[in-house]
$ cat input33.txt   # compact mmCIF, N, CA and C atoms
# COMPACT_ATOMS: atom_id res chain seq x y z
N MET A 1 0.85 -1.18 0.00
CA MET A 1 0.00 0.00 0.00
C MET A 1 0.90 1.24 0.00
N ALA A 2 0.48 2.24 -0.72
CA ALA A 2 1.24 3.49 -0.80
C ALA A 2 0.70 4.52 0.18
N TYR A 3 1.58 5.16 0.87
CA TYR A 3 1.24 6.29 1.74
C TYR A 3 1.85 7.53 1.12
N ARG A 4 1.03 8.58 1.00
CA ARG A 4 1.51 9.82 0.40
C ARG A 4 1.20 11.01 1.29
N ARG A 5 2.07 12.00 1.21
CA ARG A 5 1.80 13.29 1.85
C ARG A 5 2.42 14.37 0.98
N ARG A 6 1.82 15.53 1.01
CA ARG A 6 2.40 16.65 0.27
C ARG A 6 3.71 17.03 0.95
N LYS A 7 4.65 17.53 0.18
CA LYS A 7 5.97 17.87 0.73
C LYS A 7 5.89 18.94 1.80
N ASP A 8 4.88 19.80 1.75
CA ASP A 8 4.76 20.88 2.73
C ASP A 8 3.72 20.61 3.82
N LYS A 9 3.22 19.37 3.92
CA LYS A 9 2.19 19.01 4.91
C LYS A 9 2.64 17.81 5.73
N ASP A 10 1.97 17.57 6.87
CA ASP A 10 2.30 16.45 7.75
C ASP A 10 1.35 15.27 7.64
N ALA A 11 0.18 15.45 7.04
CA ALA A 11 -0.83 14.39 7.01
C ALA A 11 -0.54 13.37 5.91
N TRP A 12 -0.52 12.10 6.30
CA TRP A 12 -0.31 11.00 5.36
C TRP A 12 -1.66 10.46 4.89
N HIS A 13 -1.74 10.15 3.61
CA HIS A 13 -2.96 9.62 2.98
C HIS A 13 -2.66 8.24 2.40
N TRP A 14 -3.65 7.34 2.39
CA TRP A 14 -3.47 6.03 1.77
C TRP A 14 -4.70 5.61 0.98
N CYS A 15 -5.80 6.36 1.06
CA CYS A 15 -6.99 6.07 0.25
C CYS A 15 -6.93 6.93 -1.02
N LYS A 16 -6.87 6.27 -2.17
CA LYS A 16 -6.77 7.01 -3.42
C LYS A 16 -8.03 7.82 -3.71
N ASN A 17 -9.14 7.49 -3.04
CA ASN A 17 -10.38 8.24 -3.24
C ASN A 17 -10.57 9.33 -2.17
N CYS A 18 -9.53 9.63 -1.42
CA CYS A 18 -9.56 10.74 -0.46
C CYS A 18 -9.56 12.06 -1.23
N SER A 19 -10.33 13.02 -0.78
CA SER A 19 -10.39 14.31 -1.47
C SER A 19 -9.07 15.06 -1.40
N ASN A 20 -8.19 14.67 -0.47
CA ASN A 20 -6.88 15.32 -0.32
C ASN A 20 -5.72 14.45 -0.81
N TRP A 21 -6.02 13.37 -1.56
CA TRP A 21 -4.97 12.48 -2.07
C TRP A 21 -4.01 13.28 -2.95
N PRO A 22 -2.73 13.36 -2.57
CA PRO A 22 -1.76 14.16 -3.35
C PRO A 22 -1.50 13.56 -4.73
N LYS A 23 -1.60 14.39 -5.75
CA LYS A 23 -1.35 13.94 -7.12
C LYS A 23 -0.06 14.53 -7.68
N SER A 24 0.48 15.55 -7.01
CA SER A 24 1.75 16.14 -7.44
C SER A 24 2.47 16.71 -6.23
N ASP A 25 3.77 16.87 -6.37
CA ASP A 25 4.61 17.44 -5.31
C ASP A 25 4.42 16.72 -3.97
N TYR A 26 4.60 15.39 -3.98
CA TYR A 26 4.38 14.59 -2.78
C TYR A 26 5.56 13.66 -2.49
N VAL A 27 5.56 13.13 -1.27
CA VAL A 27 6.49 12.10 -0.83
C VAL A 27 5.68 10.83 -0.71
N GLU A 28 6.24 9.69 -1.17
CA GLU A 28 5.51 8.41 -1.10
C GLU A 28 6.39 7.36 -0.46
N GLN A 29 5.76 6.52 0.36
CA GLN A 29 6.46 5.38 0.94
C GLN A 29 5.50 4.21 1.03
N SER A 30 6.05 2.99 1.09
CA SER A 30 5.20 1.80 1.10
C SER A 30 4.86 1.29 2.49
N SER A 31 5.61 1.72 3.50
CA SER A 31 5.32 1.29 4.87
C SER A 31 4.56 2.38 5.63
N LYS A 32 3.86 1.95 6.68
CA LYS A 32 3.09 2.91 7.47
C LYS A 32 4.03 3.93 8.10
N PRO A 33 3.72 5.21 7.94
CA PRO A 33 4.60 6.26 8.47
C PRO A 33 4.71 6.21 9.99
N THR A 34 5.90 6.51 10.49
CA THR A 34 6.12 6.54 11.93
C THR A 34 6.13 7.96 12.47
N SER A 35 6.11 8.94 11.57
CA SER A 35 6.04 10.34 11.99
C SER A 35 4.97 11.05 11.18
N GLY A 36 4.54 12.20 11.66
CA GLY A 36 3.47 12.92 10.99
C GLY A 36 2.11 12.42 11.44
N GLU A 37 1.06 12.94 10.82
CA GLU A 37 -0.31 12.57 11.18
C GLU A 37 -0.89 11.66 10.12
N LEU A 38 -1.92 10.90 10.50
CA LEU A 38 -2.68 10.12 9.54
C LEU A 38 -3.94 10.92 9.20
N CYS A 39 -4.28 10.95 7.93
CA CYS A 39 -5.43 11.73 7.45
C CYS A 39 -6.73 11.23 8.08
N ASN A 40 -7.52 12.14 8.63
CA ASN A 40 -8.80 11.76 9.25
C ASN A 40 -9.79 11.22 8.23
N GLU A 41 -9.78 11.79 7.02
CA GLU A 41 -10.70 11.30 5.97
C GLU A 41 -10.33 9.88 5.57
N CYS A 42 -9.03 9.60 5.43
CA CYS A 42 -8.58 8.24 5.11
C CYS A 42 -8.95 7.27 6.24
N LEU A 43 -8.77 7.69 7.48
CA LEU A 43 -9.14 6.84 8.62
C LEU A 43 -10.62 6.50 8.58
N ALA A 44 -11.47 7.50 8.30
CA ALA A 44 -12.92 7.29 8.26
C ALA A 44 -13.30 6.37 7.10
N LYS A 45 -12.71 6.59 5.93
CA LYS A 45 -13.00 5.74 4.77
C LYS A 45 -12.56 4.30 5.03
N ASP A 46 -11.39 4.13 5.64
CA ASP A 46 -10.87 2.80 5.96
C ASP A 46 -11.81 2.09 6.93
N LYS A 47 -12.24 2.79 7.96
CA LYS A 47 -13.13 2.22 8.98
C LYS A 47 -14.48 1.83 8.38
N ALA A 48 -14.98 2.66 7.43
CA ALA A 48 -16.27 2.40 6.80
C ALA A 48 -16.18 1.35 5.69
N GLY A 49 -14.95 0.98 5.32
CA GLY A 49 -14.76 -0.03 4.30
C GLY A 49 -14.85 0.48 2.87
N ASN A 50 -14.73 1.79 2.68
CA ASN A 50 -14.80 2.32 1.31
C ASN A 50 -13.54 3.09 0.92
N CYS A 51 -12.41 2.59 1.36
CA CYS A 51 -11.11 3.19 1.03
C CYS A 51 -10.55 2.49 -0.20
N SER A 52 -10.29 3.25 -1.26
CA SER A 52 -9.65 2.70 -2.46
C SER A 52 -8.14 2.74 -2.27
N LYS A 53 -7.54 1.58 -2.12
CA LYS A 53 -6.09 1.52 -1.85
C LYS A 53 -5.31 1.24 -3.12
$ encode --input "input33.txt" --output "structure tokens"
Amino acid sequence: MAYRRRKDKDAWHWCKNCSNWPKSDYVEQSSKPTSGELCNECLAKDKAGNCSK
């Protein structure tokens, strides 16, 4: 699974259908981030079962 965040932000995203999913100027990693925040919208989508990974 890919985790992305904008270079100038702290929130990590992993749901491709998140309204804040970074499409440019981002950092990406395959493991769960150990620093920064996890996106609340991604958390909600994941919990509801409608996260596009």
$ atom_distance --input "input33.txt" --atom1 "atom N of A:Lys9" --atom2 "atom CA of A:Gly36"
9.6 Å
$ closest_residue --input "input33.txt" --among "A:Pro22, A:Asp10, A:Lys53, A:Ala48" --to "A:Thr34" --atoms "only C-alpha atoms"
A:Asp10
$ closest_residue --input "input33.txt" --among "A:Tyr26, A:Ala44, A:Met1, A:Asn50" --to "A:Trp14" --atoms "only C-alpha atoms"
A:Met1
$ atom_distance --input "input33.txt" --atom1 "atom CA of A:Ser30" --atom2 "atom CA of A:Arg4"
8.9 Å
$ residues_around --input "input33.txt" --residues "A:Asn17" --least-positions-apart "5" --cutoff "10 Å" --atoms "only C-alpha atoms" --output "tab-separated table (two decimals) with N, CA and C atoms, keeping the file's coordinate frame"
chain	number	residue	atom	x	y	z
A	41	GLU	N	-9.78	11.79	7.02
A	41	GLU	CA	-10.70	11.30	5.97
A	41	GLU	C	-10.33	9.88	5.57
A	42	CYS	N	-9.03	9.60	5.43
A	42	CYS	CA	-8.58	8.24	5.11
A	42	CYS	C	-8.95	7.27	6.24
A	45	LYS	N	-12.71	6.59	5.93
A	45	LYS	CA	-13.00	5.74	4.77
A	45	LYS	C	-12.56	4.30	5.03
A	50	ASN	N	-14.73	1.79	2.68
A	50	ASN	CA	-14.80	2.32	1.31
A	50	ASN	C	-13.54	3.09	0.92
A	51	CYS	N	-12.41	2.59	1.36
A	51	CYS	CA	-11.11	3.19	1.03
A	51	CYS	C	-10.55	2.49	-0.20
A	52	SER	N	-10.29	3.25	-1.26
A	52	SER	CA	-9.65	2.70	-2.46
A	52	SER	C	-8.14	2.74	-2.27
A	53	LYS	N	-7.54	1.58	-2.12
A	53	LYS	CA	-6.09	1.52	-1.85
A	53	LYS	C	-5.31	1.24	-3.12
$ atom_distance --input "input33.txt" --atom1 "atom C of A:Ser24" --atom2 "atom CA of A:Asp46"
22.8 Å
$ select_by_dssp --input "input33.txt" --residues "chain A" --states "alpha helix (DSSP H)" --output "PyMOL selection string"
chain A and resi 40-48
$ closest_residue --input "input33.txt" --among "A:Arg6, A:Trp12, A:Leu43, A:Ser19" --to "A:Ser31" --atoms "only C-alpha atoms"
A:Trp12
$ closest_residue --input "input33.txt" --among "A:Asp8, A:Tyr3, A:Cys15, A:Asn40" --to "A:Glu28" --atoms "only C-alpha atoms"
A:Tyr3
$ select_by_dssp --input "input33.txt" --residues "chain A" --states "strand (DSSP E or B)" --output "list in words"
Tyr3, Arg4, Arg5, Arg6, Ala11, Trp12, His13, Tyr26, Val27, Glu28, Gln29, Glu37 and Leu38 of chain A
$ decode --input "input33.txt" --residues "stretch 5-31 of chain A" --atoms "N, CA and C atoms" --output "compact mmCIF listing (two decimals), in the first residue's frame"
# COMPACT_ATOMS: atom_id res chain seq x y z
N ARG A 5 2.07 12.00 1.21
CA ARG A 5 1.80 13.29 1.85
C ARG A 5 2.42 14.37 0.98
N ARG A 6 1.82 15.53 1.01
CA ARG A 6 2.40 16.65 0.27
C ARG A 6 3.71 17.03 0.95
N LYS A 7 4.65 17.53 0.18
CA LYS A 7 5.97 17.87 0.73
C LYS A 7 5.89 18.94 1.80
N ASP A 8 4.88 19.80 1.75
CA ASP A 8 4.76 20.88 2.73
C ASP A 8 3.72 20.61 3.82
N LYS A 9 3.22 19.37 3.92
CA LYS A 9 2.19 19.01 4.91
C LYS A 9 2.64 17.81 5.73
N ASP A 10 1.97 17.57 6.87
CA ASP A 10 2.30 16.45 7.75
C ASP A 10 1.35 15.27 7.64
N ALA A 11 0.18 15.45 7.04
CA ALA A 11 -0.83 14.39 7.01
C ALA A 11 -0.54 13.37 5.91
N TRP A 12 -0.52 12.10 6.30
CA TRP A 12 -0.31 11.00 5.36
C TRP A 12 -1.66 10.46 4.89
N HIS A 13 -1.74 10.15 3.61
CA HIS A 13 -2.96 9.62 2.98
C HIS A 13 -2.66 8.24 2.40
N TRP A 14 -3.65 7.34 2.39
CA TRP A 14 -3.47 6.03 1.77
C TRP A 14 -4.70 5.61 0.98
N CYS A 15 -5.80 6.36 1.06
CA CYS A 15 -6.99 6.07 0.25
C CYS A 15 -6.93 6.93 -1.02
N LYS A 16 -6.87 6.27 -2.17
CA LYS A 16 -6.77 7.01 -3.42
C LYS A 16 -8.03 7.82 -3.71
N ASN A 17 -9.14 7.49 -3.04
CA ASN A 17 -10.38 8.24 -3.24
C ASN A 17 -10.57 9.33 -2.17
N CYS A 18 -9.53 9.63 -1.42
CA CYS A 18 -9.56 10.74 -0.46
C CYS A 18 -9.56 12.06 -1.23
N SER A 19 -10.33 13.02 -0.78
CA SER A 19 -10.39 14.31 -1.47
C SER A 19 -9.07 15.06 -1.40
N ASN A 20 -8.19 14.67 -0.47
CA ASN A 20 -6.88 15.32 -0.32
C ASN A 20 -5.72 14.45 -0.81
N TRP A 21 -6.02 13.37 -1.56
CA TRP A 21 -4.97 12.48 -2.07
C TRP A 21 -4.01 13.28 -2.95
N PRO A 22 -2.73 13.36 -2.57
CA PRO A 22 -1.76 14.16 -3.35
C PRO A 22 -1.50 13.56 -4.73
N LYS A 23 -1.60 14.39 -5.75
CA LYS A 23 -1.35 13.94 -7.12
C LYS A 23 -0.06 14.53 -7.68
N SER A 24 0.48 15.55 -7.01
CA SER A 24 1.75 16.14 -7.44
C SER A 24 2.47 16.71 -6.23
N ASP A 25 3.77 16.87 -6.37
CA ASP A 25 4.61 17.44 -5.31
C ASP A 25 4.42 16.72 -3.97
N TYR A 26 4.60 15.39 -3.98
CA TYR A 26 4.38 14.59 -2.78
C TYR A 26 5.56 13.66 -2.49
N VAL A 27 5.56 13.13 -1.27
CA VAL A 27 6.49 12.10 -0.83
C VAL A 27 5.68 10.83 -0.71
N GLU A 28 6.24 9.69 -1.17
CA GLU A 28 5.51 8.41 -1.10
C GLU A 28 6.39 7.36 -0.46
N GLN A 29 5.76 6.52 0.36
CA GLN A 29 6.46 5.38 0.94
C GLN A 29 5.50 4.21 1.03
N SER A 30 6.05 2.99 1.09
CA SER A 30 5.20 1.80 1.10
C SER A 30 4.86 1.29 2.49
N SER A 31 5.61 1.72 3.50
CA SER A 31 5.32 1.29 4.87
C SER A 31 4.56 2.38 5.63
